[in-house]
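Student: So here's start.cif (mmCIF, C-alpha atoms).
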data_target
#
loop_
_atom_site.label_atom_id
_atom_site.label_comp_id
_atom_site.auth_asym_id
_atom_site.auth_seq_id
_atom_site.Cartn_x
_atom_site.Cartn_y
_atom_site.Cartn_z
CA MET A 1 10.51 -3.60 14.21
CA ALA A 2 12.22 -4.96 17.32
CA VAL A 3 12.60 -2.97 20.52
CA ASP A 4 15.66 -0.71 20.43
CA GLU A 5 17.68 -0.82 23.65
CA GLY A 6 18.48 2.88 23.38
CA ASP A 7 14.76 3.62 23.10
CA ARG A 8 14.04 1.42 26.11
CA HIS A 9 16.48 3.31 28.32
CA LEU A 10 15.27 6.63 26.94
CA ILE A 11 11.60 5.94 27.62
CA GLN A 12 12.39 4.64 31.13
CA ALA A 13 14.21 7.90 31.87
CA VAL A 14 11.25 9.87 30.53
CA GLN A 15 8.89 7.83 32.71
CA ARG A 16 10.98 9.01 35.67
CA GLY A 17 10.38 12.61 34.61
CA ASP A 18 13.79 13.24 33.04
CA GLN A 19 13.32 16.38 30.91
CA ALA A 20 16.63 15.98 29.08
CA ALA A 21 15.63 12.46 28.04
CA TRP A 22 12.27 13.77 26.82
CA ARG A 23 14.02 16.39 24.72
CA ASP A 24 16.32 13.69 23.30
CA LEU A 25 13.34 11.47 22.49
CA ILE A 26 11.62 14.27 20.59
CA ALA A 27 14.82 15.04 18.69
CA ARG A 28 15.23 11.38 17.80
CA TYR A 29 11.76 10.91 16.31
CA GLU A 30 10.51 14.34 15.26
CA GLY A 31 12.15 14.23 11.83
CA ARG A 32 10.71 10.92 10.67
CA LEU A 33 7.27 11.77 12.08
CA ILE A 34 7.09 15.11 10.28
CA SER A 35 8.24 13.42 7.05
CA PHE A 36 5.42 10.91 7.43
CA ALA A 37 2.79 13.53 8.29
CA ARG A 38 3.79 15.73 5.35
CA ARG A 39 3.30 12.83 2.95
CA MET A 40 -0.29 12.53 4.16
CA CYS A 41 -1.24 16.22 4.30
CA ASN A 42 0.33 18.88 2.12
CA ASP A 43 0.08 21.68 4.67
CA ARG A 44 3.28 21.85 6.73
CA THR A 45 1.56 23.69 9.60
CA GLU A 46 -1.08 20.98 9.86
CA ALA A 47 1.61 18.30 9.74
CA GLU A 48 3.56 19.98 12.54
CA ASP A 49 0.41 20.28 14.65
CA LEU A 50 -0.22 16.55 14.21
CA VAL A 51 3.34 15.69 15.26
CA GLN A 52 2.99 17.92 18.31
CA GLU A 53 -0.25 16.11 19.21
CA THR A 54 1.55 12.79 18.73
CA PHE A 55 4.18 13.61 21.35
CA LEU A 56 1.43 14.82 23.68
CA GLY A 57 -0.33 11.50 23.13
CA LEU A 58 2.84 9.62 24.03
CA VAL A 59 3.58 11.56 27.20
CA ARG A 60 -0.02 11.20 28.39
CA SER A 61 0.10 7.44 27.88
CA LEU A 62 3.45 6.96 29.63
CA PRO A 63 2.02 5.33 32.78
CA ALA A 64 0.64 2.47 30.69
CA TYR A 65 3.42 2.32 28.11
CA ASP A 66 4.96 -1.13 27.64
CA THR A 67 8.74 -0.78 27.20
CA GLU A 68 8.77 -4.13 25.38
CA ARG A 69 6.94 -2.48 22.46
CA SER A 70 8.84 -0.70 19.73
CA LEU A 71 8.70 3.03 20.44
CA GLU A 72 8.75 3.85 16.73
CA THR A 73 5.79 1.54 16.14
CA TYR A 74 3.88 3.17 18.99
CA LEU A 75 4.58 6.71 17.82
CA PHE A 76 3.57 5.96 14.25
CA ALA A 77 0.36 4.34 15.53
CA ILE A 78 -0.53 7.50 17.46
CA LEU A 79 0.28 9.66 14.44
CA ARG A 80 -1.86 7.46 12.19
CA ASN A 81 -4.76 7.96 14.60
CA LYS A 82 -4.25 11.72 14.59
CA LEU A 83 -4.09 11.77 10.79
CA SER A 84 -7.23 9.64 10.53
CA ASP A 85 -9.12 12.03 12.83
CA HIS A 86 -7.76 15.00 10.91
CA LEU A 87 -8.96 13.59 7.58
CA ARG A 88 -12.35 12.78 9.11
CA ARG A 89 -12.81 16.37 10.24
CA ARG A 90 -11.81 17.71 6.83
CA ARG A 91 -14.24 15.39 5.05
CA GLY A 92 -17.33 16.17 7.05
CA GLY A 93 -17.22 13.75 9.95
CA GLN A 94 -16.86 10.42 8.16
CA ARG A 95 -13.93 8.52 9.59
CA GLN A 96 -11.21 8.09 6.99
CA SER A 97 -8.39 5.60 6.99
CA ILE A 98 -5.05 6.82 5.71
CA ASP A 99 -4.06 3.45 4.31
CA SER A 100 -7.39 1.72 3.63
CA LEU A 101 -7.31 0.23 7.13
CA GLU A 102 -9.49 1.60 9.89
CA VAL A 103 -7.45 2.94 12.80
CA ASP A 104 -8.89 2.64 16.29
CA ASP A 105 -8.81 5.57 18.70
CA ALA A 106 -6.32 3.89 21.03
CA PRO A 107 -3.08 2.30 19.77
CA GLU A 108 -3.73 -0.62 22.09
CA ALA A 109 -7.01 -1.56 20.36
CA TRP A 110 -5.73 -2.77 17.01
CA LEU A 111 -7.79 -5.89 16.35
CA ASP A 112 -10.55 -5.76 13.75
CA THR A 113 -14.02 -5.19 15.16
CA ASP A 114 -15.24 -8.10 13.06
CA THR A 115 -12.53 -10.43 14.33
CA PRO A 116 -13.87 -13.99 14.76
CA SER A 117 -15.45 -14.64 18.13
CA ARG A 118 -12.63 -16.98 19.13
CA TYR A 119 -10.54 -13.84 19.76
CA VAL A 120 -13.14 -12.21 21.94
CA VAL A 121 -12.79 -14.48 24.93
CA GLY A 122 -11.27 -11.85 27.16
CA ARG A 123 -8.99 -8.88 26.75
CA GLU A 124 -6.00 -10.60 28.30
CA ARG A 125 -6.14 -13.55 25.95
CA VAL A 126 -6.62 -11.33 22.92
CA ASP A 127 -3.67 -9.15 23.90
CA ALA A 128 -1.51 -12.20 24.63
CA GLN A 129 -2.34 -13.75 21.27
CA ARG A 130 -1.68 -10.51 19.48
CA ARG A 131 1.70 -10.05 21.16
CA ALA A 132 2.63 -13.65 20.44
CA LEU A 133 1.61 -13.37 16.79
CA VAL A 134 3.64 -10.18 16.39
CA ASP A 135 6.65 -11.93 17.95
CA VAL A 136 6.17 -14.87 15.59
CA LEU A 137 6.06 -12.68 12.49
CA ARG A 138 8.98 -10.55 13.62
CA ALA A 139 11.14 -13.57 14.51
CA TRP A 140 10.44 -15.09 11.11
CA ALA A 141 11.24 -11.84 9.26
CA GLU A 142 14.52 -11.51 11.17
CA GLN A 143 15.41 -15.09 10.28
CA CYS A 144 14.78 -14.27 6.63
CA THR A 145 17.11 -11.29 6.63
CA ASP A 146 19.76 -13.10 8.69
CA ARG A 147 19.68 -16.06 6.27
CA ARG A 148 19.18 -13.82 3.23
CA ARG A 149 15.88 -15.42 2.23
CA PHE A 150 14.73 -12.21 0.61
CA GLN A 151 12.52 -13.97 -1.94
CA ASP A 152 10.38 -15.40 0.86
CA LEU A 153 9.97 -11.93 2.34
CA ILE A 154 9.06 -10.42 -1.02
CA VAL A 155 6.51 -13.14 -1.79
CA ILE A 156 4.83 -12.76 1.60
CA GLU A 157 4.72 -8.97 1.36
CA MET A 158 3.22 -9.21 -2.12
CA LEU A 159 0.54 -11.58 -0.85
CA LEU A 160 -0.20 -9.86 2.47
CA VAL A 161 0.63 -6.19 2.05
CA LEU A 162 -0.17 -5.75 -1.64
CA GLY A 163 -3.02 -8.27 -1.59
CA LEU A 164 -1.93 -9.95 -4.82
CA ARG A 165 -3.01 -13.43 -5.88
CA ASN A 166 -0.59 -16.31 -6.33
CA LYS A 167 -0.66 -16.02 -10.13
CA GLU A 168 0.02 -12.26 -9.98
CA VAL A 169 2.99 -12.77 -7.69
CA ALA A 170 4.28 -15.55 -9.94
CA ALA A 171 4.02 -13.33 -13.02
CA ASP A 172 5.78 -10.40 -11.34
CA LEU A 173 8.64 -12.52 -9.99
CA GLY A 174 9.04 -14.90 -12.91
CA LEU A 175 8.00 -17.91 -10.83
CA THR A 176 5.39 -20.60 -11.36
CA GLU A 177 2.13 -20.54 -9.44
CA PRO A 178 2.99 -23.82 -7.68
CA ALA A 179 6.31 -22.28 -6.58
CA VAL A 180 4.53 -19.29 -5.02
CA ALA A 181 1.95 -21.58 -3.37
CA GLY A 182 4.81 -23.72 -2.06
CA ILE A 183 6.56 -20.72 -0.52
CA LYS A 184 3.31 -19.60 1.13
CA PHE A 185 2.62 -23.08 2.52
CA ARG A 186 6.17 -23.45 3.83
CA VAL A 187 6.10 -20.04 5.48
CA ILE A 188 2.76 -20.68 7.21
CA GLU A 189 4.17 -23.95 8.53
CA GLN A 190 7.17 -22.04 9.87
CA TRP A 191 4.82 -19.56 11.55
CA ARG A 192 2.86 -22.41 13.13
CA GLY A 193 6.06 -23.87 14.52
CA LEU A 194 7.12 -20.55 16.01
CA ALA A 195 3.61 -19.99 17.39
CA ALA A 196 3.62 -23.38 19.11
CA GLN A 197 6.67 -22.22 21.05
CA ALA A 198 5.11 -18.86 21.91
CA LEU A 199 1.82 -20.03 23.44
CA PRO A 200 0.51 -23.24 25.01
CA ASP A 201 -1.23 -25.52 22.50
CA ASP A 202 -4.65 -25.04 24.07
CA ALA A 203 -4.37 -21.24 23.77
CA TRP A 204 -3.83 -21.14 20.04
CA ASP A 205 -6.16 -21.85 17.17
CA GLU A 206 -4.37 -22.58 13.90
CA ALA A 207 -7.08 -20.66 12.07
CA ASP A 208 -5.92 -17.55 13.92
CA LEU A 209 -2.52 -17.93 12.33
CA ALA A 210 -3.89 -18.26 8.82
CA GLY A 211 -6.30 -15.32 8.96
CA GLU A 212 -4.77 -13.18 6.25
CA SER A 213 -6.66 -9.95 6.99
CA THR A 214 -5.44 -9.97 10.58
CA LEU A 215 -1.91 -10.90 9.52
CA ALA A 216 -1.82 -8.16 6.89
CA ARG A 217 -2.96 -5.61 9.42
CA LEU A 218 -0.45 -6.66 12.05
CA TRP A 219 2.31 -6.76 9.45
CA GLN A 220 1.78 -3.14 8.48
CA GLU A 221 0.92 -1.67 11.88
CA GLU A 222 3.84 -3.33 13.65
CA GLY A 223 6.32 -2.72 10.83
CA ILE A 224 7.22 -6.40 10.80
CA SER A 225 9.62 -6.12 7.87
CA CYS A 226 10.59 -2.47 8.28
CA LEU A 227 14.29 -1.79 8.00
CA LYS A 228 16.47 -0.51 10.78
CA ARG A 229 17.32 3.15 10.38
CA SER A 230 21.02 2.26 10.21
CA THR A 231 20.30 -0.15 7.34
CA LEU A 232 18.38 2.55 5.47
CA GLY A 233 21.32 4.89 6.02
CA ARG A 234 23.72 2.37 4.48
CA PHE A 235 21.28 1.90 1.58
CA LEU A 236 21.37 5.64 0.88
CA LEU A 237 25.17 5.53 0.88
CA GLY A 238 25.20 2.55 -1.50
CA ALA A 239 26.87 0.49 1.20
CA VAL A 240 24.63 -2.60 1.02
CA ASP A 241 25.10 -5.50 -1.39
CA GLU A 242 22.90 -6.16 -4.42
CA ASP A 243 20.52 -8.61 -2.72
CA TRP A 244 19.92 -6.26 0.20
CA ALA A 245 19.49 -3.27 -2.11
CA HIS A 246 16.96 -5.18 -4.23
CA TYR A 247 14.88 -6.10 -1.19
CA ILE A 248 15.03 -2.61 0.33
CA ASP A 249 14.00 -1.05 -2.97
CA PHE A 250 11.05 -3.47 -3.20
CA HIS A 251 9.97 -2.91 0.41
CA VAL A 252 10.18 0.87 0.24
CA HIS A 253 8.82 1.51 -3.22
CA GLN A 254 6.84 -1.46 -4.53
CA ALA A 255 5.38 -2.47 -1.16
CA ASP A 256 5.07 1.28 -0.49
CA CYS A 257 6.17 1.20 3.15
CA ASP A 258 5.22 4.64 4.41
CA ARG A 259 7.28 4.32 7.58
CA CYS A 260 10.52 3.45 5.78
CA GLN A 261 9.81 6.17 3.24
CA ALA A 262 9.48 8.66 6.10
CA ASN A 263 12.77 7.49 7.58
CA LEU A 264 14.51 7.79 4.23
CA ALA A 265 13.11 11.28 3.68
CA ASP A 266 14.35 12.29 7.12
CA LEU A 267 17.80 10.83 6.47
CA ARG A 268 18.03 12.67 3.15
CA SER A 269 17.02 16.00 4.65
CA GLU A 270 20.09 18.19 5.02
CA ASP A 271 18.66 21.56 3.99
CA GLU A 272 19.62 24.24 6.55
CA GLN A 273 16.26 26.02 6.34
CA ASP A 274 14.45 22.74 6.88
CA ALA A 275 16.74 21.96 9.81
CA ALA A 276 15.89 25.33 11.36
CA ALA A 277 12.18 24.64 10.97
CA ARG A 278 12.62 21.26 12.62
CA ASP A 279 14.52 22.81 15.50
CA ALA A 280 11.62 25.20 16.03
CA LEU A 281 9.11 22.33 15.92
CA ARG A 282 11.22 20.29 18.32
CA GLU A 283 11.22 23.13 20.86
CA ARG A 284 7.49 23.61 20.42
CA CYS A 285 6.82 19.91 21.02
CA PHE A 286 9.00 19.95 24.11
CA THR A 287 7.48 23.11 25.58
CA SER A 288 3.89 21.96 25.03
CA SER A 289 4.41 18.52 26.57
CA VAL A 290 7.09 18.77 29.24
CA GLY A 291 4.52 19.76 31.86
CA PHE A 292 2.95 16.31 31.59
CA LEU A 293 6.11 14.48 32.65
CA SER A 294 5.49 14.85 36.38
CA ARG A 295 1.96 13.53 35.90
CA ALA A 296 3.32 10.46 34.11
CA GLU A 297 5.39 9.26 37.08
#
Represent the structure of the file as structure tokens.
Tutor:
Amino acid sequence: MAVDEGDRHLIQAVQRGDQAAWRDLIARYEGRLISFARRMCNDRTEAEDLVQETFLGLVRSLPAYDTERSLETYLFAILRNKLSDHLRRRRGGQRQSIDSLEVDDAPEAWLDTDTPSRYVVGRERVDAQRRALVDVLRAWAEQCTDRRRFQDLIVIEMLLVLGLRNKEVAADLGLTEPAVAGIKFRVIEQWRGLAAQALPDDAWDEADLAGESTLARLWQEEGISCLKRSTLGRFLLGAVDEDWAHYIDFHVHQADCDRCQANLADLRSEDEQDAAARDALRERCFTSSVGFLSRAE
């Protein structure tokens, strides 16, 4: 999910200690975060506590926050960490992943611990490669939606996110195995071309680009193919065409995108009692965290 300009200005104001901006930021994201947390734990009180901790985690990390990173991605990463710790405590100390992927304590440390040694050459290079790879994937996904290549997106999500084999994808989509293999090969070549523009040749190993476990992890954690909230809103209103609706339905339901599901649940929520509960949570999040703003400057 690309950086939202409104988010960028909002977070910069918060970094300056603007309390009104902090209240606006909480109001903007509290709904989708509580929808996500409630999907993972049935207890509303526990879910609200986790969302409150998420905003505290954000405000405490403001001095190091990179405004070029998607704020939604960052908030969901913090919340995933909180949920993972919460599940670990409930299950006797064993760390649990909420989506079959281990979640590191810090949102910044997202590479697998068993990543090939070529990555572990220095923190700066690892971070630079990670940022470049995310940019490559996101640029490609945006090209797909702009050019309406939804089949390419669906095939890649089925291979990466769902972990299906070529023949399973072919059977589900009514394609031949060679056709699926051809799409995968063509897409990887496109990624290589974009990567060559993102980093100098001597700083990139083609094997890095083809490492599916790393790609799958980045794809999900960074919300590479997640829909804009405005697009999801139009989908709910039936205001997108058939091709868009088909892809959105696949991404949300078949690929089981928890972030887009949380956004949809938030957009659907119009119950007055629920709105009152959210207002109370919003005030609680603001009151518990506003004191950290001056420390974040």
Student: Between atom CA of A:Ala170 and atom CA of A:Gln151, what is the distance in Å, rounded to a tenth?
Tutor: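 Calculated distance between atom CA of A:Ala170 and atom CA of A:Gln151 is 11.6 Å.
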Student: Residues near A:Thr231, anyone? I mean within 12 Å using all atoms listed in the file, not counting same-chain ones fewer than 3 positions away, as a list in words.
Tutor: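 Listing them by chain and then by number gives Thr145, Cys226, Leu227, Lys228, Arg234, Phe235, Leu236, Leu237, Gly238, Ala239, Val240, Asp241, Trp244, Ala245, Tyr247, Ile248, Cys260, Asn263, Leu264 and Leu267 of chain A.
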Student: The PyMOL selection byres ((chain A and resi 142) around 12) - which residues does that actually catch in the file I just gave you? List them as a list in words.
Tutor: Met1, Ala2, Asp135, Val136, Leu137, Arg138, Ala139, Trp140, Ala141, Gln143, Cys144, Thr145, Asp146, Arg147, Arg148, Arg149, Phe150, Asp152, Leu153, Ile224, Ser225, Cys226, Leu227 and Lys228 of chain A
Student: As an exercise, work out the distance from atom CA of A:His246 to atom CA of A:Met40 in Å and give it to one decimal place.
Tutor: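 Rounded to one decimal, the two atoms are 26.1 Å apart.
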Student: Just the number, please: distance in Å from atom CA of A:Asp249 to atom CA of A:Leu160, one decimal.
Tutor: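 Computing it gives 17.6 Å between the two atoms.
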Student: Could you tell me which of A:Arg217, A:Arg80, A:Tyr65, A:Trp191 comes closest to A:Leu50 if we count only C-alpha atoms?
Tutor: A:Arg80
Student: Applied to the shown file, which residues does the PyMOL selection byres ((chain A and resi 66-68) around 9) return, written as a ChimeraX atom specification?
Tutor: /A:2-3,7-9,11-12,62-65,69-71
Student: For stretch 142-263 of chain A of the block above, can you save C-alpha atoms as a compact mmCIF listing (two decimals), in the first residue's frame?
Tutor:
# COMPACT_ATOMS: atom_id res chain seq x y z
CA GLU A 142 0.05 -0.77 -9.34
CA GLN A 143 0.92 -1.34 -12.99
CA CYS A 144 -1.33 -4.40 -12.98
CA THR A 145 -4.32 -2.50 -11.62
CA ASP A 146 -3.69 0.52 -13.87
CA ARG A 147 -3.49 -1.76 -16.94
CA ARG A 148 -6.22 -4.09 -15.65
CA ARG A 149 -3.99 -7.17 -15.64
CA PHE A 150 -6.01 -8.71 -12.84
CA GLN A 151 -5.27 -12.28 -13.92
CA ASP A 152 -1.55 -11.72 -13.32
CA LEU A 153 -2.29 -10.41 -9.83
CA ILE A 154 -4.57 -13.34 -9.03
CA VAL A 155 -2.05 -15.92 -10.27
CA ILE A 156 0.78 -14.38 -8.23
CA GLU A 157 -1.35 -14.13 -5.09
CA MET A 158 -2.40 -17.76 -5.48
CA LEU A 159 1.22 -18.83 -5.82
CA LEU A 160 2.72 -16.56 -3.14
CA VAL A 161 0.01 -15.87 -0.61
CA LEU A 162 -1.96 -19.11 -0.83
CA GLY A 163 1.12 -21.23 -1.54
CA LEU A 164 -0.56 -23.19 -4.32
CA ARG A 165 1.33 -25.14 -6.98
CA ASN A 166 1.16 -24.31 -10.67
CA LYS A 167 -1.22 -27.19 -11.41
CA GLU A 168 -3.56 -26.16 -8.57
CA VAL A 169 -3.68 -22.58 -9.83
CA ALA A 170 -4.29 -23.82 -13.36
CA ALA A 171 -7.17 -26.02 -12.21
CA ASP A 172 -8.80 -23.24 -10.18
CA LEU A 173 -8.55 -20.66 -12.97
CA GLY A 174 -9.25 -22.93 -15.93
CA LEU A 175 -5.77 -22.42 -17.37
CA THR A 176 -3.09 -24.85 -18.49
CA GLU A 177 -0.03 -25.48 -16.34
CA PRO A 178 2.27 -24.02 -19.03
CA ALA A 179 0.12 -20.87 -19.06
CA VAL A 180 0.51 -20.43 -15.29
CA ALA A 181 4.26 -21.14 -15.50
CA GLY A 182 4.49 -18.59 -18.32
CA ILE A 183 2.76 -15.91 -16.26
CA LYS A 184 5.07 -16.60 -13.31
CA PHE A 185 8.19 -16.45 -15.51
CA ARG A 186 7.05 -13.23 -17.19
CA VAL A 187 6.24 -11.58 -13.87
CA ILE A 188 9.62 -12.50 -12.33
CA GLU A 189 11.32 -11.03 -15.38
CA GLN A 190 9.32 -7.84 -14.89
CA TRP A 191 10.38 -7.75 -11.23
CA ARG A 192 14.02 -8.18 -12.24
CA GLY A 193 13.73 -5.28 -14.64
CA LEU A 194 12.21 -3.03 -11.98
CA ALA A 195 14.82 -4.16 -9.45
CA ALA A 196 17.66 -3.30 -11.82
CA GLN A 197 16.38 0.27 -11.81
CA ALA A 198 16.01 0.36 -8.03
CA LEU A 199 19.53 -0.74 -7.00
CA PRO A 200 22.97 -0.82 -8.62
CA ASP A 201 23.72 -4.12 -10.34
CA ASP A 202 26.44 -5.07 -7.86
CA ALA A 203 24.05 -4.62 -4.92
CA TRP A 204 21.44 -7.08 -6.09
CA ASP A 205 21.50 -10.84 -6.31
CA GLU A 206 18.88 -12.26 -8.66
CA ALA A 207 18.36 -15.13 -6.23
CA ASP A 208 17.10 -12.58 -3.71
CA LEU A 209 14.33 -11.65 -6.11
CA ALA A 210 13.23 -15.23 -6.65
CA GLY A 211 13.16 -16.28 -3.00
CA GLU A 212 9.48 -17.07 -2.68
CA SER A 213 9.32 -17.30 1.12
CA THR A 214 10.74 -13.80 1.47
CA LEU A 215 8.50 -12.46 -1.30
CA ALA A 216 5.41 -14.03 0.23
CA ARG A 217 6.23 -12.52 3.59
CA LEU A 218 6.87 -9.06 2.20
CA TRP A 219 3.73 -9.27 0.08
CA GLN A 220 1.52 -9.87 3.09
CA GLU A 221 3.28 -7.65 5.64
CA GLU A 222 3.49 -4.66 3.32
CA GLY A 223 -0.01 -5.12 1.87
CA ILE A 224 1.42 -5.05 -1.65
CA SER A 225 -1.90 -5.70 -3.36
CA CYS A 226 -4.20 -4.28 -0.68
CA LEU A 227 -6.93 -2.04 -1.98
CA LYS A 228 -7.26 1.64 -1.22
CA ARG A 229 -9.97 2.36 1.30
CA SER A 230 -11.80 4.48 -1.28
CA THR A 231 -11.78 1.53 -3.71
CA LEU A 232 -13.22 -0.76 -1.03
CA GLY A 233 -15.89 1.85 -0.35
CA ARG A 234 -16.88 1.90 -4.03
CA PHE A 235 -16.91 -1.92 -4.01
CA LEU A 236 -19.40 -1.91 -1.13
CA LEU A 237 -21.60 0.52 -3.06
CA GLY A 238 -21.43 -1.65 -6.19
CA ALA A 239 -19.70 1.19 -8.00
CA VAL A 240 -16.82 -0.79 -9.53
CA ASP A 241 -16.98 -2.69 -12.81
CA GLU A 242 -17.12 -6.48 -13.11
CA ASP A 243 -13.37 -7.04 -13.54
CA TRP A 244 -12.54 -4.91 -10.51
CA ALA A 245 -15.27 -6.54 -8.44
CA HIS A 246 -14.00 -10.02 -9.36
CA TYR A 247 -10.45 -9.17 -8.31
CA ILE A 248 -11.51 -7.46 -5.07
CA ASP A 249 -13.71 -10.42 -4.15
CA PHE A 250 -10.79 -12.80 -4.80
CA HIS A 251 -8.30 -10.69 -2.84
CA VAL A 252 -10.55 -10.18 0.16
CA HIS A 253 -12.16 -13.59 0.43
CA GLN A 254 -10.16 -16.24 -1.43
CA ALA A 255 -6.74 -14.76 -0.67
CA ASP A 256 -8.17 -13.96 2.78
CA CYS A 257 -6.61 -10.51 3.15
CA ASP A 258 -7.14 -9.72 6.82
CA ARG A 259 -6.30 -6.05 6.40
CA CYS A 260 -8.84 -5.44 3.62
CA GLN A 261 -11.40 -7.46 5.55
CA ALA A 262 -10.83 -5.18 8.55
CA ASN A 263 -11.27 -2.11 6.37
